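Colleague: What follows is a single structure, and I will ask about it in a moment.
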Amino acid sequence: MNVLAAAGSHAATVFVEIGAVALALAVLARLAGRLGITTIPFYLLAGLAVGKGGIAPLDVSADFISLVAEIGVLLLLLALGLEYSADELRRGLRTGLVPGATDAVANFTPGFVAGLILGWHPTAAVLLGGVCWVTSSGIVAKVLADLDRLANRETPAVLNLLVIEDLAMAVFLPVAAALVTGRDLAATVGTVAVAVGAVLVILVAAVRLGGRLSTLLAQGSDEALLLAVFGLTLLIGGLAQKLEVSAAIGAFLVGLALSGPVQARAGALIGPMRDLFAAVFFLFFSFQVRPSDLVDALAPAAVLAIVAAAGKLVTGWVAAGHAGVGRAGRVRAGTVLIARGEFSIVIASLGAGLADGPDLGALAAAFVLLTAIGGPLAARYVGRNPGRSATTRPPQASTPPQASTPPQSPP
């Protein structure tokens, strides 16, 4: 009985702490709504406050919060896939070579060069290049939803680039791990082949079998549909991760596979879950960072963040330009890509055992936090939407025109 009482007391304390944090996040969400900006910067700062070394650290299982946070990323990408079509993905991948190459050169190079300037071993410099290269798909998904840009003309170009980056990471991560561990060439090539093959299989399955899946799911109730979509998202994401592919791209392709009325129903059902789990993701993201570890790394991280932001602006300009988007849309595409996140932390963690590992970890944490906070703010205030009809793609399903809304000419 004493053991049960002690466990119950601990659970009660955890409930109080989590409840207080949830209420605080609700207040921050309302504040962000009043200011007209995304909630991400507020959630990240709240995570610093209640995380390791913060002003009010929580006594909560890190494993539990980490799991909930990872589900949050999957739901963000699932919701993003539900706003996208297989035809748009096919068109984007066919024309994605130049934007993808631009993204790699403009964003990997500054990090790699910075590592060499800091006097690090070339392997650590390669990892820092990877940290700077890859955009946070979770943050991009949240920003596009919060700023009501899911139907913007530049959004398909942004999403194509995220898919291309995930494909590139299927190659980069095994190669980087081989550099760190000294793994032989044959094993590295085998791992890369499995990862790329898995991505291609998931892509083809999503495009070819999506219609049948939608027909099957359409027959159930909302409860059955919610459980089926949620289960499929975790299942496909988990299988993808076991094959050393981003779980996020698996979740994105589940959303992409759904079409018609099922797509709309699933989006409405998943929305509240996405917001809840995503809030935990952004909280946990900075929850792991000790503020004291960031002090010495802030100056170089700030310089690198400015250079890396410019790299993403170039990338967005080229990617959206290939899609025929105007000047304002190209700028919006660049700003929404600035934020780095979960993938960058994973890449930095590969070098934990290197001589420069501690410096790499601190610099990566500071860099990611600065871009994760600054990127959404830049997306909000730079290249604002001049008007929905001026920036949106044609809807996938026809809707009756509204006579009360006069047409606007595009910028």
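Residues are referred to by chain and number: the chain letter is A, B, ... according to the order shown in the structure tokens, the number counts from 1 in that chain, and ligands are numbered separately from 1 in the order shown.
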I'd like the neighbourhood of A:Leu363 as a PyMOL selection string, where a residue qualifies if any of its atoms comes within 10 Å (using only C-alpha atoms), though same-chain residues fewer than 2 positions away should be ignored.
Modeller: chain A and resi 128+131+293-302+304+348+357-361+365-369
Colleague: What's the 12 Å shell around A:Val204, counting only C-alpha atoms, without same-chain residues fewer than 3 positions away, as a ChimeraX atom specification?
Modeller: /A:86,89-90,197-201,207-210,250,253-254,256-257
Colleague: Residues near A:Ala323, anyone? I mean within 7 Å using only C-alpha atoms, not counting same-chain ones fewer than 3 positions away, as a list in words.
Modeller: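 Near A:Ala323, the qualifying residues are Ala157, Ala319 and Ala320 of chain A.
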Colleague: Take the residues that were just selected and, keeping C-alpha atoms, output them as a short mmCIF file (atom, residue, chain, number, x, y, z; two decimals), in the first residue's frame.
Modeller:
data_model
loop_
_atom_site.label_atom_id
_atom_site.label_comp_id
_atom_site.auth_asym_id
_atom_site.auth_seq_id
_atom_site.Cartn_x
_atom_site.Cartn_y
_atom_site.Cartn_z
CA ALA A 157 7.74 23.96 -54.09
CA ALA A 319 12.62 26.47 -55.90
CA ALA A 320 9.58 28.76 -56.11
#
Colleague: Counting only C-alpha atoms, which residue out of A:Trp120, A:Ile347, A:Ala339, A:Gly96 sits closest to A:Phe172?
Modeller: A:Ile347
Colleague: Could the residues of stretch 138-193 of chain A that have an atom at most 10 Å from stretch 276-286 of chain A be listed as JSON lines, each with its closest atom pair and the distance in Å to one decimal, counting only C-alpha atoms and ordered by chain and ascending residue number?
Modeller:
{"residue": "A:Gly138", "atom": "CA", "partner": "A:Ala278", "partner_atom": "CA", "distance": 8.3}
{"residue": "A:Ile139", "atom": "CA", "partner": "A:Phe282", "partner_atom": "CA", "distance": 8.5}
{"residue": "A:Lys142", "atom": "CA", "partner": "A:Ala278", "partner_atom": "CA", "distance": 8.1}
Colleague: Take the selection from the previous step and output its residues with C-alpha atoms, as a PDB file, in the first residue's frame.
Modeller:
ATOM      1  CA  GLY A 138       7.847  19.849 -38.341  1.00  0.00           C
ATOM      2  CA  ILE A 139       8.337  23.591 -37.964  1.00  0.00           C
ATOM      3  CA  LYS A 142       3.277  24.288 -38.237  1.00  0.00           C
TER       4      LYS A 142
END
Colleague: Atom CA of A:Asn152 and atom CA of A:Val331, how far apart in Å?
Modeller: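 Value for the atom CA of A:Val331-atom CA of A:Asn152 distance: 12.5 Å.
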Colleague: Counting only C-alpha atoms, figure out which residue out of A:Gly238, A:Thr155, A:Ala268, A:Ala205 gets nearest to A:Arg330.
Modeller: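 Using only C-alpha atoms, the shortest distance to A:Arg330 belongs to A:Thr155.
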Colleague: Looking at A:Leu76, A:Ile202, A:Val158, A:Leu48, which one is nearest to A:Glu88, with distances taken over only C-alpha atoms?
Modeller: A:Val158
Colleague: Using only C-alpha atoms, which protein or nucleic acid residues come within 10 Å of A:Val98? Drop anything in the same chain fewer than 6 positions from it, and give the result as a PyMOL selection string.
Modeller: chain A and resi 104+315+318-319+322
Colleague: Just list the residues in stretch 49-205 of chain A DSSP gives helix (DSSP H, G or I) on the backbone, as an MDAnalysis selection string.
Modeller: chainID A and resid 49:50 62:82 86:94 97:117 122:133 137:146 155:181 185:205
Colleague: When you look at A:Ala170 with a cut-off of 8 Å (counting only C-alpha atoms), what residues show up, excluding the ones that are within fewer than 5 positions of it in the same chain? I need them as a list in words.
Modeller: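 The residues that qualify are Val192, Ala195, Val196, Glu244, Val245 and Ser246 of chain A.
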Colleague: Using only C-alpha atoms for the distances, tell me which of A:Glu165, A:Asp222, A:Asp103, A:Glu154 is nearest to A:Lys312.
Modeller: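 Once distances to A:Lys312 are computed over only C-alpha atoms, the minimum belongs to A:Asp103.
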Colleague: Which is closer to A:Ile37 than all the others in A:Val194, A:Ala364, A:Val16, A:Leu377, using only C-alpha atoms?
Modeller: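 Going through A:Val194, A:Ala364, A:Val16, A:Leu377 one by one, the smallest distance to A:Ile37 is for A:Leu377.
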